[in-house]
Amino acid sequence: MVHAARRPSRHPARARRRGRLPAALAALAAAPVLAQPVETIVVTGSVAGSEVQQAPYAIGVVDREALRQAGPMINLSEALARVPGLVVANRSNYAQDLQISSRGFGARAGFGVRGLRLLADGIPASGPDGQGQVSHIDLAGADRVEVLRGPFSALYGNSSGGVISVFSAPVRRAEAEAGLDLGTYGLRQLRAAVQAPLAGGFELRASGSAMDWEGFRPHSEAERRLGNLRLGWRGEADTVIAVASHYEQPADDPLGLTREQFDADPRQTTPQAESFDTRKRSKQDQLGVNWRHRFADGALREFEASAYAGQRSVTQWLAIAKATQDNPRHGGGVADFDRDYRGAQAQWRWNWQALDLMAGAALEDQRDDRRGYENYVLDGAGDPVYGRIGTQRRDEINRARTRDLFGQAEWRFAPDWAASAGLRRGRVTLSADDAYRDNGDDSGRLSYDYTNPVLGLRWRAAPGLNLHAAAARGFEAPTLGELAYRPDGANGFNEGLKAQKSLQFEVGAKWRQDESLDLDLALFQVMVDDEIGIASNAGGRASYQNVGRTLRRGAELGAGWRPAAAWRTRLALTLLDARYRDDFLTCAGIPCTTPTAEVAAGKRIAGTQRASAFAELAWRDAALGEWGLEWRAAGRSAANDRNTDFASGYALAALRWSRTFAIGEGQRIELLARIDNLFDRAYAGSLIVNDANGRYFETGAPRSALLALRWVGAI
């Protein structure tokens, strides 16, 4: 479930890449047409890897070329708009992570990513409680990104409403790379990488990058430093890959805007951001190792084991006034934690003539040393000076743990038919040990058990046409943050909060014609019980409740067409209707100790969009390079569950140009120029859903330009 491969090329131009590098570069520089596509082998959701067309579920793949042409390779939002069913909104605020949702799962996240499973080379970027982040992922070293939507994502356990897997590029030859990105609003990024096969079957890749951004809103400056090391060894029957990474990112937080502020000037920063000096500092170090052993004889074909461990530290200064923190129950205006996390997974794969079988076990642990402090110190006159770390107001140990068993099988019971089935059973345990008792004891412990079955069926209805259907039961436990406080204001864990369970259905079709046309269509329906939503917000403490049933249904279309050798087009279209099926009460503002505002059945789930789309037209010429015109659009989004405010829909255009030049023996220069938001539209790029202060709107980037220069040379 964590490794990938590509089917060997049947195209001569691709085969030549395994020959002399200078000849390959010369062919690339002089190529007058686009190479014919080779179907990618996907492993996310499959037993042993399969072509996209053969997979009995909806899955999208963004390859290395698309990643490199989409922007400076800082954020997943640059390239993943081309995947239907997925929303990846760039907050243009590096103090908060991207806002990612799949078929409505994850839309309620006010910060970070929740409700989706995130993986980088098989190592989870999501915690055991379902909260995750993607800012440490090195897109410049990625080979591709796989995006699994729908029922088969339930095989990844707790909080897997969808799966995003990033795979690093393998080391195929000895080369070095250096890159420089320059963009508007003070964007500067330097990158360097070196890779080489070594003696004795070893291989090495090392990379680093440094990004600085001033931002188009005041108080939104950010820096990011990434370092990655990959060491591999390949033998006749074994492969071992070890990876290490370092990430650190200081960033100012411009906060969201109210409706009045956004309408007056969407590029302003709310005054509280500067008066409280809101900002975030994060750092992460991680190690991981993966071992695969292939058996030569018998039904047992492969054993795979992986393990990882890491540390993450975050300190965030919030915009909370002293008067609010004077409440003895308050945890302070500075959130600070040190996280230790680790995990391991083992799996076996068997193969008989018509049957593939896989079984395994996984465990994950997370320990947060979580502290809170006042975000001010007093001056000589007794007035608060904000943006400083003051008196401690919170001290607790949070833990999250999952233990899972899983299995999956595919049976090709007839020449044109295949059935798939899977099961994941596990337990997630969440706890808090409160050592700061001046504001009461908020200790507690809860465990949730889950069993996620999945069924799928694929039929080869005609040459090039496959039909599929799938059904599954999914599970999403509350996060540690959602369990932290009780709605009634009493001490202790929010023990009445249930996990939400979903029943998912999907039917789809995949059509390929002469390598010039591909079309993927999926229709889906998701019924959720005990959906988790906001209950109250008082004294700086937000509590959560189960709000009843929800219904998500819609359609996804992904299509590509190559009308001529030098031309290609790409389309991604998503229709989503996500609504509450039951009435419930919520808070309309702060302070709010008891929910009194009614949310009527039929209201849209906050953060979801009825429609979104991406389109691309590209043309490549030997002398003029590749030109691309991109268009992306989104319908309006509800800012809160009461649907009293919305972010308007928008449509944006982008223009890009790229070309590769051979400059000598084994060397090439890659150039990329982009203009995004070509017509300088003002729009809300993302939402802070259900924000208690009504600061929902996060402004999308204005017209911006990028010039990227990348040198690659053989060593």
# chains A, B, ... in the order shown; residues from 1 in each chain; ligands from 1
>>> residues_around(residues="Ala708 in chain A", least_positions_apart="2", cutoff="6 Å", atoms="only C-alpha atoms", output="JSON, numbers by chain")
{"A": [180, 181, 671, 672]}
>>> residues_around(residues="Ala414 in chain A", least_positions_apart="5", cutoff="12 Å", atoms="only C-alpha atoms", output="PDB file with N, CA and C atoms, in the first residue's frame")
ATOM      1  N   GLN A 353      -2.957 -17.621  -9.261  1.00  0.00           N
ATOM      2  CA  GLN A 353      -3.231 -17.260 -10.648  1.00  0.00           C
ATOM      3  C   GLN A 353      -4.264 -16.155 -10.783  1.00  0.00           C
ATOM      4  N   ALA A 354      -5.351 -16.261 -10.091  1.00  0.00           N
ATOM      5  CA  ALA A 354      -6.439 -15.293 -10.243  1.00  0.00           C
ATOM      6  C   ALA A 354      -6.703 -14.514  -8.976  1.00  0.00           C
ATOM      7  N   LEU A 355      -5.824 -14.635  -7.982  1.00  0.00           N
ATOM      8  CA  LEU A 355      -6.097 -14.029  -6.680  1.00  0.00           C
ATOM      9  C   LEU A 355      -4.845 -13.365  -6.139  1.00  0.00           C
ATOM     10  N   ALA A 419     -13.217  -8.783  -8.647  1.00  0.00           N
ATOM     11  CA  ALA A 419     -13.859  -8.342  -7.405  1.00  0.00           C
ATOM     12  C   ALA A 419     -12.781  -8.007  -6.386  1.00  0.00           C
ATOM     13  N   LEU A 457     -16.095  -3.824  -7.393  1.00  0.00           N
ATOM     14  CA  LEU A 457     -16.290  -4.687  -8.552  1.00  0.00           C
ATOM     15  C   LEU A 457     -15.890  -3.925  -9.807  1.00  0.00           C
ATOM     16  N   ARG A 458     -15.128  -4.596 -10.690  1.00  0.00           N
ATOM     17  CA  ARG A 458     -14.716  -3.988 -11.950  1.00  0.00           C
ATOM     18  C   ARG A 458     -15.107  -4.901 -13.107  1.00  0.00           C
ATOM     19  N   TRP A 459     -15.618  -4.282 -14.182  1.00  0.00           N
ATOM     20  CA  TRP A 459     -16.024  -5.020 -15.378  1.00  0.00           C
ATOM     21  C   TRP A 459     -15.423  -4.358 -16.605  1.00  0.00           C
ATOM     22  N   ARG A 460     -14.715  -5.126 -17.408  1.00  0.00           N
ATOM     23  CA  ARG A 460     -14.194  -4.633 -18.679  1.00  0.00           C
ATOM     24  C   ARG A 460     -15.316  -4.768 -19.702  1.00  0.00           C
TER      25      ARG A 460
END
>>> residues_around(residues="Ala651 in chain A", least_positions_apart="3", cutoff="12 Å", atoms="only C-alpha atoms", output="list in words")
Ala611, Ser612, Ala613, Phe614, Ala615, Glu630, Trp631, Arg632, Ala633, Ala634, Gly635, Arg636, Ser648, Ala654, Asp676, Asn677, Leu678, Phe679, Asp680, Arg681, Ala682, Tyr683, Ala684, Gly685 and Gly700 of chain A
>>> residues_around(residues="Ala705 in chain A", least_positions_apart="3", cutoff="6 Å", atoms="only C-alpha atoms", output="ChimeraX atom specification")
/A:183-184,674-675
>>> select_by_dssp(residues="range 152-288 of chain A", states="strand (DSSP E)", output="ChimeraX atom specification")
/A:162-168,175-183,187-197,202-213,222-234,238-252,279-288
>>> closest_residue(among="A:Gly382, A:Gly49, A:Gly625, A:Gly157", to="Thr451 in chain A", atoms="only C-alpha atoms")
A:Gly157
>>> closest_residue(among="A:Gly558, A:Gly232, A:Gly694, A:Gly422", to="Arg473 in chain A", atoms="only C-alpha atoms")
A:Gly422
>>> residues_around(residues="range 278-285 of chain A", least_positions_apart="3", cutoff="9 Å", atoms="only C-alpha atoms", output="NGL selection string")
:A and (94-96 or 136 or 219-220 or 244-255 or 272-275 or 309-319 or 387)
>>> closest_residue(among="A:Arg604, A:Arg553, A:Arg103, A:Arg188", to="Gly161 in chain A", atoms="only C-alpha atoms")
A:Arg103
>>> closest_residue(among="A:Ile137, A:Ala79, A:Ile123, A:Leu231", to="Gly288 in chain A", atoms="only C-alpha atoms")
A:Ile123
>>> closest_residue(among="A:Gly666, A:Gly607, A:Gly141, A:Pro271", to="Ala638 in chain A", atoms="only C-alpha atoms")
A:Gly607
>>> select_by_dssp(residues="range 461-503 of chain A", states="alpha helix (DSSP H)", output="list in words")
Leu480, Gly481, Glu482 and Leu483 of chain A
>>> residues_around(residues="range 591-599 of chain A", least_positions_apart="6", cutoff="8 Å", atoms="only C-alpha atoms", output="ChimeraX atom specification")
/A:487-489,535-539,583-585,641-642
>>> write_last_selection(atoms="C-alpha atoms", output="JSON list (two decimals), in the first residue's frame")
[["chain", "number", "residue", "atom", "x", "y", "z"],
["A", 487, "PRO", "CA", -19.86, 21.94, 26.06],
["A", 488, "ASP", "CA", -21.29, 22.36, 29.60],
["A", 489, "GLY", "CA", -18.11, 24.10, 30.81],
["A", 535, "ALA", "CA", -21.08, 23.45, 19.99],
["A", 536, "SER", "CA", -19.93, 26.47, 22.01],
["A", 537, "ASN", "CA", -17.12, 28.97, 22.30],
["A", 538, "ALA", "CA", -16.52, 30.75, 25.60],
["A", 539, "GLY", "CA", -13.47, 32.02, 27.46],
["A", 583, "ASP", "CA", -31.74, 20.31, 12.81],
["A", 584, "PHE", "CA", -29.30, 21.33, 15.53],
["A", 585, "LEU", "CA", -28.28, 24.32, 17.64],
["A", 641, "ASP", "CA", -23.17, 26.22, 9.34],
["A", 642, "ARG", "CA", -26.06, 28.69, 9.60]]
>>> closest_residue(among="A:Leu139, A:Ala555, A:Ile605, A:Val52", to="Arg68 in chain A", atoms="only C-alpha atoms")
A:Leu139
>>> residues_around(residues="Leu624 in chain A", least_positions_apart="2", cutoff="10 Å", atoms="only C-alpha atoms", output="PyMOL selection string")
chain A and resi 32+619-622+626-627+657-659
>>> write_last_selection(atoms="N, CA and C atoms", output="compact mmCIF listing (two decimals), in the first residue's frame")
# COMPACT_ATOMS: atom_id res chain seq x y z
N PRO A 32 9.70 17.70 -31.27
CA PRO A 32 8.68 18.60 -31.76
C PRO A 32 7.30 18.30 -31.24
N TRP A 619 0.34 23.58 -25.58
CA TRP A 619 0.91 23.38 -26.92
C TRP A 619 2.42 23.42 -26.81
N ARG A 620 3.10 22.44 -27.44
CA ARG A 620 4.55 22.35 -27.35
C ARG A 620 5.16 22.40 -28.75
N ASP A 621 6.24 23.17 -28.87
CA ASP A 621 6.97 23.32 -30.13
C ASP A 621 8.46 23.22 -29.82
N ALA A 622 9.21 22.64 -30.76
CA ALA A 622 10.64 22.43 -30.53
C ALA A 622 11.38 23.73 -30.30
N GLU A 626 6.94 25.02 -24.46
CA GLU A 626 5.55 24.68 -24.19
C GLU A 626 4.83 25.88 -23.60
N TRP A 627 3.66 26.16 -24.16
CA TRP A 627 2.79 27.22 -23.66
C TRP A 627 1.54 26.57 -23.08
N TRP A 657 4.80 29.37 -19.49
CA TRP A 657 5.70 28.98 -20.58
C TRP A 657 6.86 28.23 -19.97
N SER A 658 7.29 27.17 -20.62
CA SER A 658 8.44 26.42 -20.13
C SER A 658 9.22 25.88 -21.32
N ARG A 659 10.52 25.72 -21.11
CA ARG A 659 11.37 25.13 -22.14
C ARG A 659 12.62 24.56 -21.50
>>> atom_distance(atom1="CA of Asp336 in chain A", atom2="CA of Pro218 in chain A")
24.4 Å
>>> atom_distance(atom1="CA of Val526 in chain A", atom2="CA of Asn690 in chain A")
22.5 Å
>>> atom_distance(atom1="CA of Gln667 in chain A", atom2="CA of Arg173 in chain A")
12.9 Å
>>> decode(residues="range 623-699 of chain A", atoms="C-alpha atoms", output="PDB file, in the first residue's frame")
ATOM      1  CA  ALA A 623      11.743  26.026 -30.923  1.00  0.00           C
ATOM      2  CA  LEU A 624       9.166  27.872 -28.826  1.00  0.00           C
ATOM      3  CA  GLY A 625       8.846  25.551 -25.829  1.00  0.00           C
ATOM      4  CA  GLU A 626       5.545  24.678 -24.188  1.00  0.00           C
ATOM      5  CA  TRP A 627       2.787  27.223 -23.665  1.00  0.00           C
ATOM      6  CA  GLY A 628      -0.091  26.525 -21.312  1.00  0.00           C
ATOM      7  CA  LEU A 629      -3.318  28.307 -20.484  1.00  0.00           C
ATOM      8  CA  GLU A 630      -4.993  27.237 -17.234  1.00  0.00           C
ATOM      9  CA  TRP A 631      -8.402  28.067 -15.818  1.00  0.00           C
ATOM     10  CA  ARG A 632      -9.769  27.188 -12.425  1.00  0.00           C
ATOM     11  CA  ALA A 633     -13.111  28.075 -10.897  1.00  0.00           C
ATOM     12  CA  ALA A 634     -15.066  27.435  -7.713  1.00  0.00           C
ATOM     13  CA  GLY A 635     -18.627  28.060  -6.635  1.00  0.00           C
ATOM     14  CA  ARG A 636     -19.510  30.021  -3.559  1.00  0.00           C
ATOM     15  CA  SER A 637     -18.842  28.459  -0.144  1.00  0.00           C
ATOM     16  CA  ALA A 638     -20.809  28.767   3.077  1.00  0.00           C
ATOM     17  CA  ALA A 639     -18.705  30.442   5.760  1.00  0.00           C
ATOM     18  CA  ASN A 640     -20.693  28.994   8.658  1.00  0.00           C
ATOM     19  CA  ASP A 641     -23.166  26.223   9.345  1.00  0.00           C
ATOM     20  CA  ARG A 642     -26.060  28.689   9.595  1.00  0.00           C
ATOM     21  CA  ASN A 643     -25.313  29.763   6.002  1.00  0.00           C
ATOM     22  CA  THR A 644     -25.638  33.439   6.928  1.00  0.00           C
ATOM     23  CA  ASP A 645     -22.512  34.385   4.977  1.00  0.00           C
ATOM     24  CA  PHE A 646     -20.782  33.039   1.903  1.00  0.00           C
ATOM     25  CA  ALA A 647     -17.531  33.447   0.041  1.00  0.00           C
ATOM     26  CA  SER A 648     -18.412  34.300  -3.542  1.00  0.00           C
ATOM     27  CA  GLY A 649     -17.460  32.002  -6.367  1.00  0.00           C
ATOM     28  CA  TYR A 650     -14.544  32.901  -8.606  1.00  0.00           C
ATOM     29  CA  ALA A 651     -12.805  32.020 -11.866  1.00  0.00           C
ATOM     30  CA  LEU A 652      -9.060  32.524 -12.379  1.00  0.00           C
ATOM     31  CA  ALA A 653      -6.828  32.257 -15.417  1.00  0.00           C
ATOM     32  CA  ALA A 654      -3.103  31.526 -15.549  1.00  0.00           C
ATOM     33  CA  LEU A 655      -0.543  31.570 -18.341  1.00  0.00           C
ATOM     34  CA  ARG A 656       2.697  29.627 -18.330  1.00  0.00           C
ATOM     35  CA  TRP A 657       5.697  28.982 -20.582  1.00  0.00           C
ATOM     36  CA  SER A 658       8.439  26.416 -20.129  1.00  0.00           C
ATOM     37  CA  ARG A 659      11.370  25.131 -22.145  1.00  0.00           C
ATOM     38  CA  THR A 660      14.343  22.853 -21.663  1.00  0.00           C
ATOM     39  CA  PHE A 661      17.713  23.710 -23.233  1.00  0.00           C
ATOM     40  CA  ALA A 662      20.638  21.317 -23.645  1.00  0.00           C
ATOM     41  CA  ILE A 663      23.718  23.414 -22.810  1.00  0.00           C
ATOM     42  CA  GLY A 664      26.523  20.904 -22.974  1.00  0.00           C
ATOM     43  CA  GLU A 665      27.612  17.385 -22.249  1.00  0.00           C
ATOM     44  CA  GLY A 666      25.051  16.010 -19.783  1.00  0.00           C
ATOM     45  CA  GLN A 667      23.646  19.398 -18.786  1.00  0.00           C
ATOM     46  CA  ARG A 668      20.347  21.180 -19.301  1.00  0.00           C
ATOM     47  CA  ILE A 669      18.544  24.308 -18.236  1.00  0.00           C
ATOM     48  CA  GLU A 670      14.821  24.256 -17.427  1.00  0.00           C
ATOM     49  CA  LEU A 671      12.987  27.574 -17.563  1.00  0.00           C
ATOM     50  CA  LEU A 672       9.479  28.246 -16.270  1.00  0.00           C
ATOM     51  CA  ALA A 673       7.549  31.516 -16.383  1.00  0.00           C
ATOM     52  CA  ARG A 674       4.039  31.828 -14.948  1.00  0.00           C
ATOM     53  CA  ILE A 675       1.450  34.527 -14.429  1.00  0.00           C
ATOM     54  CA  ASP A 676      -1.280  33.438 -12.023  1.00  0.00           C
ATOM     55  CA  ASN A 677      -4.597  35.228 -11.521  1.00  0.00           C
ATOM     56  CA  LEU A 678      -4.008  36.759 -14.928  1.00  0.00           C
ATOM     57  CA  PHE A 679      -6.904  39.250 -14.696  1.00  0.00           C
ATOM     58  CA  ASP A 680      -6.177  40.220 -11.061  1.00  0.00           C
ATOM     59  CA  ARG A 681      -9.489  39.047  -9.597  1.00  0.00           C
ATOM     60  CA  ALA A 682     -10.212  39.796  -5.925  1.00  0.00           C
ATOM     61  CA  TYR A 683     -11.540  36.680  -4.225  1.00  0.00           C
ATOM     62  CA  ALA A 684     -11.526  34.686  -0.990  1.00  0.00           C
ATOM     63  CA  GLY A 685      -9.137  31.830  -1.606  1.00  0.00           C
ATOM     64  CA  SER A 686     -10.173  29.960   1.531  1.00  0.00           C
ATOM     65  CA  LEU A 687     -12.376  30.207   4.597  1.00  0.00           C
ATOM     66  CA  ILE A 688     -11.870  29.899   8.339  1.00  0.00           C
ATOM     67  CA  VAL A 689     -15.149  28.074   8.732  1.00  0.00           C
ATOM     68  CA  ASN A 690     -17.367  28.882  11.730  1.00  0.00           C
ATOM     69  CA  ASP A 691     -14.845  31.411  13.063  1.00  0.00           C
ATOM     70  CA  ALA A 692     -16.224  32.705  16.360  1.00  0.00           C
ATOM     71  CA  ASN A 693     -15.120  36.291  15.597  1.00  0.00           C
ATOM     72  CA  GLY A 694     -16.626  36.272  12.101  1.00  0.00           C
ATOM     73  CA  ARG A 695     -13.169  36.610  10.513  1.00  0.00           C
ATOM     74  CA  TYR A 696     -13.988  33.985   7.899  1.00  0.00           C
ATOM     75  CA  PHE A 697     -12.306  35.287   4.770  1.00  0.00           C
ATOM     76  CA  GLU A 698      -8.716  34.597   3.694  1.00  0.00           C
ATOM     77  CA  THR A 699      -7.838  36.582   0.595  1.00  0.00           C
TER      78      THR A 699
END
